[in-house]
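**Student:** Coordinates in final-v4.tsv, TSV, C-alpha atoms, are listed below.
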```tsv
chain	number	residue	atom	x	y	z
A	810	MET	CA	-194.37	132.13	17.36
A	811	VAL	CA	-197.95	132.81	18.40
A	812	HIS	CA	-199.07	136.42	18.14
A	813	PHE	CA	-201.94	137.86	20.16
A	814	THR	CA	-203.98	140.83	18.99
A	815	ALA	CA	-204.71	143.60	21.48
A	816	GLU	CA	-208.27	142.33	21.60
A	817	GLU	CA	-207.24	138.76	22.39
A	818	LYS	CA	-204.94	139.97	25.16
A	819	ALA	CA	-207.70	142.07	26.67
A	820	THR	CA	-210.14	139.15	26.47
A	821	ILE	CA	-207.71	136.79	28.15
A	822	MET	CA	-206.67	139.18	30.89
A	823	SER	CA	-210.20	140.19	31.69
A	824	LEU	CA	-211.30	136.59	32.21
A	825	TRP	CA	-208.13	135.65	34.09
A	826	GLY	CA	-208.78	138.42	36.57
A	827	LYS	CA	-211.95	136.62	37.65
A	828	VAL	CA	-210.42	133.17	38.03
A	829	ASN	CA	-209.93	131.71	41.51
A	830	VAL	CA	-206.53	130.22	40.79
A	831	GLU	CA	-206.48	127.92	43.81
A	832	GLU	CA	-209.88	126.42	43.07
A	833	ALA	CA	-209.51	126.25	39.32
A	834	GLY	CA	-206.03	124.76	39.58
A	835	GLY	CA	-207.22	121.87	41.72
A	836	GLU	CA	-210.13	121.32	39.40
A	837	ALA	CA	-207.98	121.39	36.27
A	838	LEU	CA	-205.44	118.90	37.53
A	839	GLY	CA	-208.18	116.75	39.05
A	840	ARG	CA	-210.12	116.58	35.81
A	841	LEU	CA	-206.96	115.76	33.88
A	842	LEU	CA	-206.41	112.74	36.14
A	843	VAL	CA	-210.09	111.71	35.95
A	844	VAL	CA	-210.71	112.17	32.23
A	845	TYR	CA	-207.29	110.88	31.11
A	846	PRO	CA	-206.38	108.32	33.80
A	847	TRP	CA	-203.06	107.47	32.20
A	848	THR	CA	-201.82	110.90	33.28
A	849	GLN	CA	-201.81	109.53	36.82
A	850	ARG	CA	-198.48	107.93	35.89
A	851	PHE	CA	-196.73	111.10	37.04
A	852	PHE	CA	-198.36	111.13	40.45
A	853	ASP	CA	-197.74	107.75	42.07
A	854	ASN	CA	-197.01	109.42	45.40
A	855	PHE	CA	-200.24	111.40	45.55
A	856	GLY	CA	-202.16	108.83	47.58
A	857	ASN	CA	-205.75	107.94	46.82
A	858	LEU	CA	-206.60	108.42	43.12
A	859	SER	CA	-208.99	105.48	42.97
A	860	SER	CA	-212.17	107.32	41.96
A	861	ALA	CA	-213.33	110.62	40.53
A	862	SER	CA	-214.39	111.86	43.97
A	863	ALA	CA	-211.15	110.67	45.57
A	864	ILE	CA	-209.15	112.52	42.94
A	865	MET	CA	-211.15	115.74	43.07
A	866	GLY	CA	-210.95	115.79	46.88
A	867	ASN	CA	-207.30	114.78	47.13
A	868	PRO	CA	-205.33	117.52	48.95
A	869	LYS	CA	-202.12	116.81	47.04
A	870	VAL	CA	-203.98	117.17	43.75
A	871	LYS	CA	-205.41	120.50	44.89
A	872	ALA	CA	-202.05	121.79	46.08
A	873	HIS	CA	-200.25	120.79	42.93
A	874	GLY	CA	-203.05	122.09	40.76
A	875	LYS	CA	-202.73	125.46	42.45
A	876	LYS	CA	-198.99	125.45	41.73
A	877	VAL	CA	-199.55	124.64	38.07
A	878	LEU	CA	-202.23	127.25	37.54
A	879	THR	CA	-200.28	129.93	39.40
A	880	SER	CA	-197.47	129.29	36.97
A	881	PHE	CA	-199.97	129.62	34.14
A	882	GLY	CA	-200.55	133.14	35.39
A	883	ASP	CA	-197.06	133.91	34.09
A	884	ALA	CA	-198.31	133.06	30.63
A	885	VAL	CA	-201.02	135.68	30.90
A	886	LYS	CA	-198.41	138.26	31.94
A	887	ASN	CA	-195.99	137.27	29.15
A	888	MET	CA	-198.11	136.61	26.11
A	889	ASP	CA	-195.52	138.23	23.86
A	890	ASN	CA	-192.75	135.95	25.00
A	891	LEU	CA	-194.11	132.62	26.12
A	892	LYS	CA	-190.99	130.72	25.08
A	893	GLY	CA	-188.80	132.96	27.19
A	894	ALA	CA	-191.17	132.90	30.14
A	895	PHE	CA	-191.32	129.08	30.19
A	896	ALA	CA	-187.76	128.23	29.19
A	897	LYS	CA	-186.71	127.05	32.65
A	898	LEU	CA	-189.94	125.13	33.21
A	899	SER	CA	-189.51	123.52	29.82
A	900	GLU	CA	-186.09	122.22	30.79
A	901	LEU	CA	-187.48	120.96	34.08
A	902	HIS	CA	-190.35	119.08	32.43
A	903	CYS	CA	-187.96	117.43	29.98
A	904	ASP	CA	-184.89	116.70	32.06
A	905	LYS	CA	-186.29	116.07	35.51
A	906	LEU	CA	-190.00	115.34	35.16
A	907	HIS	CA	-189.91	113.48	31.82
A	908	VAL	CA	-193.38	114.61	30.83
A	909	ASP	CA	-194.59	113.95	27.26
A	910	PRO	CA	-195.62	117.36	25.84
A	911	GLU	CA	-198.89	115.82	24.71
A	912	ASN	CA	-199.91	116.16	28.36
A	913	PHE	CA	-199.62	119.95	28.12
A	914	ARG	CA	-202.18	119.93	25.31
A	915	LEU	CA	-204.51	117.71	27.33
A	916	LEU	CA	-204.26	119.98	30.37
A	917	GLY	CA	-204.79	123.07	28.23
A	918	ASN	CA	-208.04	121.68	26.87
A	919	VAL	CA	-209.20	120.67	30.34
A	920	MET	CA	-208.56	124.26	31.46
A	921	VAL	CA	-210.68	125.57	28.61
A	922	ILE	CA	-213.54	123.32	29.66
A	923	ILE	CA	-213.27	124.50	33.26
A	924	LEU	CA	-213.42	128.10	32.11
A	925	ALA	CA	-216.56	127.16	30.17
A	926	THR	CA	-218.22	125.69	33.28
A	927	HIS	CA	-217.27	128.74	35.37
A	928	PHE	CA	-218.17	131.46	32.92
A	929	GLY	CA	-221.01	129.89	30.91
A	930	LYS	CA	-222.47	132.30	28.37
A	931	GLU	CA	-219.58	134.71	28.91
A	932	PHE	CA	-217.25	132.06	27.50
A	933	THR	CA	-218.29	132.82	23.94
A	934	PRO	CA	-216.72	131.22	20.86
A	935	ASP	CA	-214.50	134.32	20.48
A	936	VAL	CA	-213.32	134.11	24.07
A	937	GLN	CA	-212.66	130.39	23.67
A	938	ALA	CA	-210.63	131.02	20.51
A	939	ALA	CA	-208.35	133.45	22.36
A	940	TRP	CA	-207.85	130.96	25.18
A	941	GLN	CA	-207.18	128.05	22.82
A	942	LYS	CA	-204.44	130.20	21.32
A	943	LEU	CA	-202.96	130.82	24.76
A	944	VAL	CA	-203.06	127.22	26.00
A	945	SER	CA	-201.60	126.08	22.69
A	946	GLY	CA	-198.85	128.70	22.97
A	947	VAL	CA	-198.06	127.59	26.52
A	948	ALA	CA	-197.94	123.93	25.49
A	949	THR	CA	-195.54	124.78	22.68
A	950	ALA	CA	-193.40	126.94	24.96
A	951	LEU	CA	-193.18	124.17	27.54
A	952	ALA	CA	-192.06	121.74	24.85
A	953	HIS	CA	-189.61	124.16	23.30
A	954	LYS	CA	-186.50	123.14	25.24
A	955	TYR	CA	-187.06	119.42	24.85
A	956	HIS	CA	-184.21	117.43	23.43
B	1419	MET	CA	-212.49	101.05	24.51
B	1420	SER	CA	-216.10	100.55	25.54
B	1421	LEU	CA	-218.42	102.50	27.80
B	1422	THR	CA	-219.26	101.25	31.28
B	1423	LYS	CA	-222.87	101.04	32.48
B	1424	THR	CA	-222.34	104.13	34.63
B	1425	GLU	CA	-220.91	106.10	31.73
B	1426	ARG	CA	-223.82	105.15	29.50
B	1427	ALA	CA	-226.30	106.21	32.20
B	1428	ILE	CA	-224.61	109.60	32.52
B	1429	ILE	CA	-224.67	110.19	28.77
B	1430	VAL	CA	-228.28	109.13	28.32
B	1431	SER	CA	-229.51	111.19	31.25
B	1432	MET	CA	-227.65	114.34	30.18
B	1433	TRP	CA	-228.86	113.90	26.63
B	1434	GLY	CA	-232.37	114.52	27.85
B	1435	LYS	CA	-231.38	118.09	28.72
B	1436	ILE	CA	-229.08	118.57	25.74
B	1437	ALA	CA	-231.77	117.52	23.28
B	1438	THR	CA	-233.97	120.44	24.35
B	1439	GLN	CA	-231.33	122.82	22.96
B	1440	ALA	CA	-230.04	120.52	20.22
B	1441	ASP	CA	-230.08	122.95	17.34
B	1442	THR	CA	-228.44	125.88	19.08
B	1443	ILE	CA	-225.89	123.55	20.64
B	1444	GLY	CA	-225.03	122.24	17.18
B	1445	THR	CA	-224.64	125.71	15.74
B	1446	GLU	CA	-222.57	126.92	18.68
B	1447	THR	CA	-220.31	123.85	18.47
B	1448	LEU	CA	-219.52	124.59	14.85
B	1449	GLU	CA	-218.98	128.30	15.55
B	1450	ARG	CA	-216.48	127.37	18.23
B	1451	LEU	CA	-214.79	124.91	15.90
B	1452	PHE	CA	-214.34	127.40	13.07
B	1453	LEU	CA	-213.12	130.19	15.35
B	1454	SER	CA	-210.69	128.17	17.46
B	1455	TYR	CA	-209.51	125.95	14.62
B	1456	PRO	CA	-209.79	127.95	11.39
B	1457	GLN	CA	-208.21	125.15	9.38
B	1458	THR	CA	-211.43	123.17	9.80
B	1459	LYS	CA	-213.16	125.65	7.51
B	1460	THR	CA	-211.30	124.07	4.61
B	1461	TYR	CA	-213.94	121.35	4.59
B	1462	PHE	CA	-216.68	123.88	3.96
B	1463	PRO	CA	-215.64	126.10	1.04
B	1464	HIS	CA	-219.18	125.85	-0.24
B	1465	PHE	CA	-220.75	127.17	2.97
B	1466	ASP	CA	-221.57	130.62	4.25
B	1467	LEU	CA	-219.93	130.30	7.66
B	1468	HIS	CA	-220.97	133.64	9.12
B	1469	ALA	CA	-222.62	133.54	12.55
B	1470	GLY	CA	-226.32	132.90	12.10
B	1471	SER	CA	-226.03	131.54	8.56
B	1472	ALA	CA	-228.80	129.13	7.62
B	1473	GLN	CA	-226.26	126.61	6.39
B	1474	LEU	CA	-224.39	126.70	9.68
B	1475	ARG	CA	-227.61	126.16	11.58
B	1476	ALA	CA	-228.70	123.31	9.34
B	1477	HIS	CA	-225.35	121.60	9.54
B	1478	GLY	CA	-225.10	122.06	13.30
B	1479	SER	CA	-228.50	120.38	13.66
B	1480	LYS	CA	-227.36	117.51	11.51
B	1481	VAL	CA	-224.23	116.94	13.60
B	1482	VAL	CA	-226.07	117.01	16.92
B	1483	ALA	CA	-228.82	114.76	15.56
B	1484	ALA	CA	-226.17	112.22	14.64
B	1485	VAL	CA	-224.72	112.38	18.14
B	1486	GLY	CA	-228.26	111.86	19.39
B	1487	ASP	CA	-228.58	108.74	17.25
B	1488	ALA	CA	-225.44	107.39	18.88
B	1489	VAL	CA	-226.87	108.15	22.33
B	1490	LYS	CA	-230.17	106.44	21.51
B	1491	SER	CA	-228.30	103.33	20.41
B	1492	ILE	CA	-225.54	103.64	22.95
B	1493	ASP	CA	-225.21	99.87	23.16
B	1494	ASN	CA	-224.51	99.68	19.44
B	1495	ILE	CA	-222.95	102.91	18.25
B	1496	ALA	CA	-221.24	101.18	15.33
B	1497	GLY	CA	-224.60	99.97	14.07
B	1498	ALA	CA	-226.30	103.32	14.53
B	1499	LEU	CA	-223.56	105.23	12.68
B	1500	ALA	CA	-222.72	102.64	9.99
B	1501	LYS	CA	-223.95	104.81	7.12
B	1502	LEU	CA	-222.23	107.92	8.48
B	1503	SER	CA	-219.06	105.91	8.87
B	1504	GLU	CA	-219.12	105.05	5.17
B	1505	LEU	CA	-219.92	108.63	4.24
B	1506	HIS	CA	-216.89	109.90	6.12
B	1507	ALA	CA	-214.59	107.19	4.77
B	1508	TYR	CA	-215.47	107.35	1.10
B	1509	ILE	CA	-216.99	110.75	0.43
B	1510	LEU	CA	-216.11	113.31	3.10
B	1511	ARG	CA	-212.68	111.97	4.06
B	1512	VAL	CA	-212.26	114.42	6.91
B	1513	ASP	CA	-208.81	113.95	8.43
B	1514	PRO	CA	-209.12	112.02	11.70
B	1515	VAL	CA	-207.50	114.77	13.82
B	1516	ASN	CA	-210.57	116.90	13.28
B	1517	PHE	CA	-212.88	114.59	15.20
B	1518	LYS	CA	-210.98	115.44	18.38
B	1519	LEU	CA	-211.39	119.15	17.66
B	1520	LEU	CA	-215.13	118.87	17.04
B	1521	SER	CA	-215.58	116.67	20.11
B	1522	HIS	CA	-213.73	119.22	22.26
B	1523	CYS	CA	-215.93	122.06	20.97
B	1524	LEU	CA	-219.08	120.06	21.68
B	1525	LEU	CA	-217.89	119.43	25.22
B	1526	VAL	CA	-217.07	123.12	25.72
B	1527	THR	CA	-220.57	124.03	24.50
B	1528	VAL	CA	-222.25	121.51	26.80
B	1529	ALA	CA	-220.00	122.54	29.74
B	1530	ALA	CA	-220.89	126.21	29.26
B	1531	ARG	CA	-224.64	125.48	29.15
B	1532	PHE	CA	-224.88	122.80	31.84
B	1533	PRO	CA	-222.06	123.55	34.30
B	1534	ALA	CA	-223.74	121.86	37.25
B	1535	ASP	CA	-224.22	118.64	35.29
B	1536	PHE	CA	-220.79	118.67	33.70
B	1537	THR	CA	-218.96	117.21	36.70
B	1538	ALA	CA	-215.54	115.59	36.38
B	1539	GLU	CA	-217.26	112.22	36.03
B	1540	ALA	CA	-219.63	113.49	33.35
B	1541	HIS	CA	-216.72	115.15	31.57
B	1542	ALA	CA	-214.87	111.83	31.50
B	1543	ALA	CA	-217.94	109.96	30.21
B	1544	TRP	CA	-218.57	112.48	27.43
B	1545	ASP	CA	-214.94	112.61	26.39
B	1546	LYS	CA	-214.92	108.82	26.15
B	1547	PHE	CA	-218.26	108.67	24.36
B	1548	MET	CA	-217.16	111.17	21.70
B	1549	SER	CA	-213.95	109.22	21.35
B	1550	VAL	CA	-215.97	106.08	20.59
B	1551	VAL	CA	-218.14	108.00	18.11
B	1552	SER	CA	-215.00	109.32	16.40
B	1553	SER	CA	-213.51	105.84	16.20
B	1554	VAL	CA	-216.66	104.52	14.57
B	1555	LEU	CA	-216.67	107.33	12.03
B	1556	THR	CA	-213.05	106.71	11.04
B	1557	GLU	CA	-213.21	102.91	11.22
B	1558	LYS	CA	-213.46	102.37	7.46
B	1559	TYR	CA	-210.84	104.93	6.44
B	1560	ARG	CA	-208.32	102.26	5.46
```
In structure tokens, what does this structure look like?
**Tutor:**
Amino acid sequence: MVHFTAEEKATIMSLWGKVNVEEAGGEALGRLLVVYPWTQRFFDNFGNLSSASAIMGNPKVKAHGKKVLTSFGDAVKNMDNLKGAFAKLSELHCDKLHVDPENFRLLGNVMVIILATHFGKEFTPDVQAAWQKLVSGVATALAHKYH
Amino acid sequence: MSLTKTERAIIVSMWGKIATQADTIGTETLERLFLSYPQTKTYFPHFDLHAGSAQLRAHGSKVVAAVGDAVKSIDNIAGALAKLSELHAYILRVDPVNFKLLSHCLLVTVAARFPADFTAEAHAAWDKFMSVVSSVLTEKYR
């Protein structure tokens, strides 16, 4: 189980407080679909995904991205029990959505890059390290109930 | 996997800006790598890896210079990195998973320094480019 120091928690929470979840969510999901086009396999009903600009402007992508990132907010509130916090979502992603957990790692890294573009210098190597720990923990928690 | 004309143009044009901060970008990339992925330090037992160490700076420069070589010969990355490919296969033998980690840290560094340039399209081009570079470097592993 991943363990966060008090410092890491503070770092994560302080940055999270400044994130525009709606905007960042759309961007994260959009970039996932642009950078790793095979991830579009889960979104056949999202309409126009034919180009980077189509994807980034797609209202369904934005809406779903917001949903995903809002849920990520639960991770920030439950860093000491990620597996518990994401148990139900893990079952959903396995049994109903059939998502390969590798996709959670891809999305986590895309999120880190977005944080880097938003926060620039503030997103120091130390801050990144704390966030890599979190996105990795979330990915593991989401995969935990797979069978 | 090969780069489209558009992707090459993006890489080459952004490299112009990146090159002006090459050394610090190299150092920062390695700092990020060692902090986020401590296991990567196992390849450098002989280095002083503290922030600001001369060895870290020198090695960071080396890494970014090599990426630069790939950019300058973007139509023939395999040719440009042939010697480095052999070095990694026969001498360094860095496990292939680590190329993804280093690539990610380079992208984070570039994204943090050039947010306006690092659009979704640029992000995709760079991710692909580093993937090609990594493939070339591990091509002779077995």
**Student:** When you get a sec, could you note down which chain A residues fall within 10 Å of chain B, using only C-alpha atoms, as a count of residues only?
**Tutor:** 39
**Student:** Quick one, how far is atom CA of B:Ile1443 from atom CA of A:Leu878?
**Tutor:**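 If I compute the distance from atom CA of B:Ile1443 to atom CA of A:Leu878, I get 29.3 Å.
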**Student:** Counting only C-alpha atoms, figure out which residue out of B:Ile1428, B:Leu1524, B:Ala1500, B:Ile1495 gets nearest to B:Thr1445.
**Tutor:** B:Leu1524
**Student:** Name the residues in contact with stretch 823-832 of chain A at a cut-off of 7 Å, using all atoms listed in the file, excluding same-chain residues fewer than 2 positions from it; report them as a PyMOL selection string.
**Tutor:** chain A and resi 819-821+834-836+875+878-879
**Student:** For atom CA of B:Phe1517 and atom CA of B:Ser1552, determine how far apart the two atoms are, in Å to one decimal place.
**Tutor:**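 It comes out at 5.8 Å.
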**Student:** Quick one: residues within 12 Å of A:Leu898, all atoms listed in the file, excluding same-chain residues fewer than 3 positions away - as a list in words?
**Tutor:** Val877, Ser880, Phe881, Asp883, Ala884, Leu891, Lys892, Gly893, Ala894, Phe895, Leu901, His902, Cys903, Asp904, Lys905, Leu906, His907, Val908, Val947, Ala948, Thr949, Ala950, Leu951, Ala952, His953, Lys954 and Tyr955 of chain A
**Student:** Check the smallest atom-to-atom distance from each of A:Asn867, A:Gln849, A:Asn890, A:Thr814 to A:Gly946 using all atoms listed in the file, then report the winner.
**Tutor:**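 For A:Gly946, the nearest of the given residues is A:Asn890.
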**Student:** Could you tell me which of B:Leu1502, B:Met1548, B:Leu1421, B:Ala1437 comes closest to B:Lys1518 if we count only C-alpha atoms?
**Tutor:**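 Using only C-alpha atoms, the shortest distance to B:Lys1518 belongs to B:Met1548.
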**Student:** Please report the interatomic distance between atom CA of A:Leu915 and atom CA of B:Ile1492 in Å with one decimal.
**Tutor:** 25.7 Å
**Student:** With all atoms listed in the file as the counted atoms, please give the residues lying no more than 10 Å from B:Ala1496, apart from itself and same-chain residues fewer than 6 positions off, as number ranges by chain.
**Tutor:** B: 1488, 1502-1503, 1550-1551, 1553-1555, 1557
**Student:** Could you write out the selected residues, including C-alpha atoms, as an mmCIF file, in the coordinates of the input?
**Tutor:**
```
data_model
loop_
_atom_site.group_PDB
_atom_site.id
_atom_site.type_symbol
_atom_site.label_atom_id
_atom_site.label_comp_id
_atom_site.auth_asym_id
_atom_site.auth_seq_id
_atom_site.Cartn_x
_atom_site.Cartn_y
_atom_site.Cartn_z
ATOM 1 C CA ALA B 1488 -225.440 107.390 18.880
ATOM 2 C CA LEU B 1502 -222.230 107.920 8.480
ATOM 3 C CA SER B 1503 -219.060 105.910 8.870
ATOM 4 C CA VAL B 1550 -215.970 106.080 20.590
ATOM 5 C CA VAL B 1551 -218.140 108.000 18.110
ATOM 6 C CA SER B 1553 -213.510 105.840 16.200
ATOM 7 C CA VAL B 1554 -216.660 104.520 14.570
ATOM 8 C CA LEU B 1555 -216.670 107.330 12.030
ATOM 9 C CA GLU B 1557 -213.210 102.910 11.220
#
```
**Student:** From the list A:Gly856, A:Phe851, A:Ser945, A:Gly882, which residue is nearest A:Val811 when using only C-alpha atoms?
**Tutor:**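 Using only C-alpha atoms, A:Val811 sits closest to A:Ser945.
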**Student:** Which residues are close to B:Ala1427, i.e. within 12 Å by only C-alpha atoms, leaving aside same-chain residues fewer than 2 positions away? Reply as an MDAnalysis selection string.
**Tutor:** chainID B and resid 1421:1425 1429:1434 1489:1490 1492:1493 1539:1540 1543:1544 1547
**Student:** Would you export the selected residues with C-alpha atoms as a compact mmCIF listing (two decimals), keeping the file's coordinate frame, please?
**Tutor:**
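For reference, again_30.txt as written:
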```txt
# COMPACT_ATOMS: atom_id res chain seq x y z
CA LEU B 1421 -218.42 102.50 27.80
CA THR B 1422 -219.26 101.25 31.28
CA LYS B 1423 -222.87 101.04 32.48
CA THR B 1424 -222.34 104.13 34.63
CA GLU B 1425 -220.91 106.10 31.73
CA ILE B 1429 -224.67 110.19 28.77
CA VAL B 1430 -228.28 109.13 28.32
CA SER B 1431 -229.51 111.19 31.25
CA MET B 1432 -227.65 114.34 30.18
CA TRP B 1433 -228.86 113.90 26.63
CA GLY B 1434 -232.37 114.52 27.85
CA VAL B 1489 -226.87 108.15 22.33
CA LYS B 1490 -230.17 106.44 21.51
CA ILE B 1492 -225.54 103.64 22.95
CA ASP B 1493 -225.21 99.87 23.16
CA GLU B 1539 -217.26 112.22 36.03
CA ALA B 1540 -219.63 113.49 33.35
CA ALA B 1543 -217.94 109.96 30.21
CA TRP B 1544 -218.57 112.48 27.43
CA PHE B 1547 -218.26 108.67 24.36
```
**Student:** Restricting the calculation to only C-alpha atoms, which member of A:His873, A:Arg850, A:His956, A:His812 is positioned closest to A:Glu900?
**Tutor:**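 Closest to A:Glu900, using only C-alpha atoms: A:His956.
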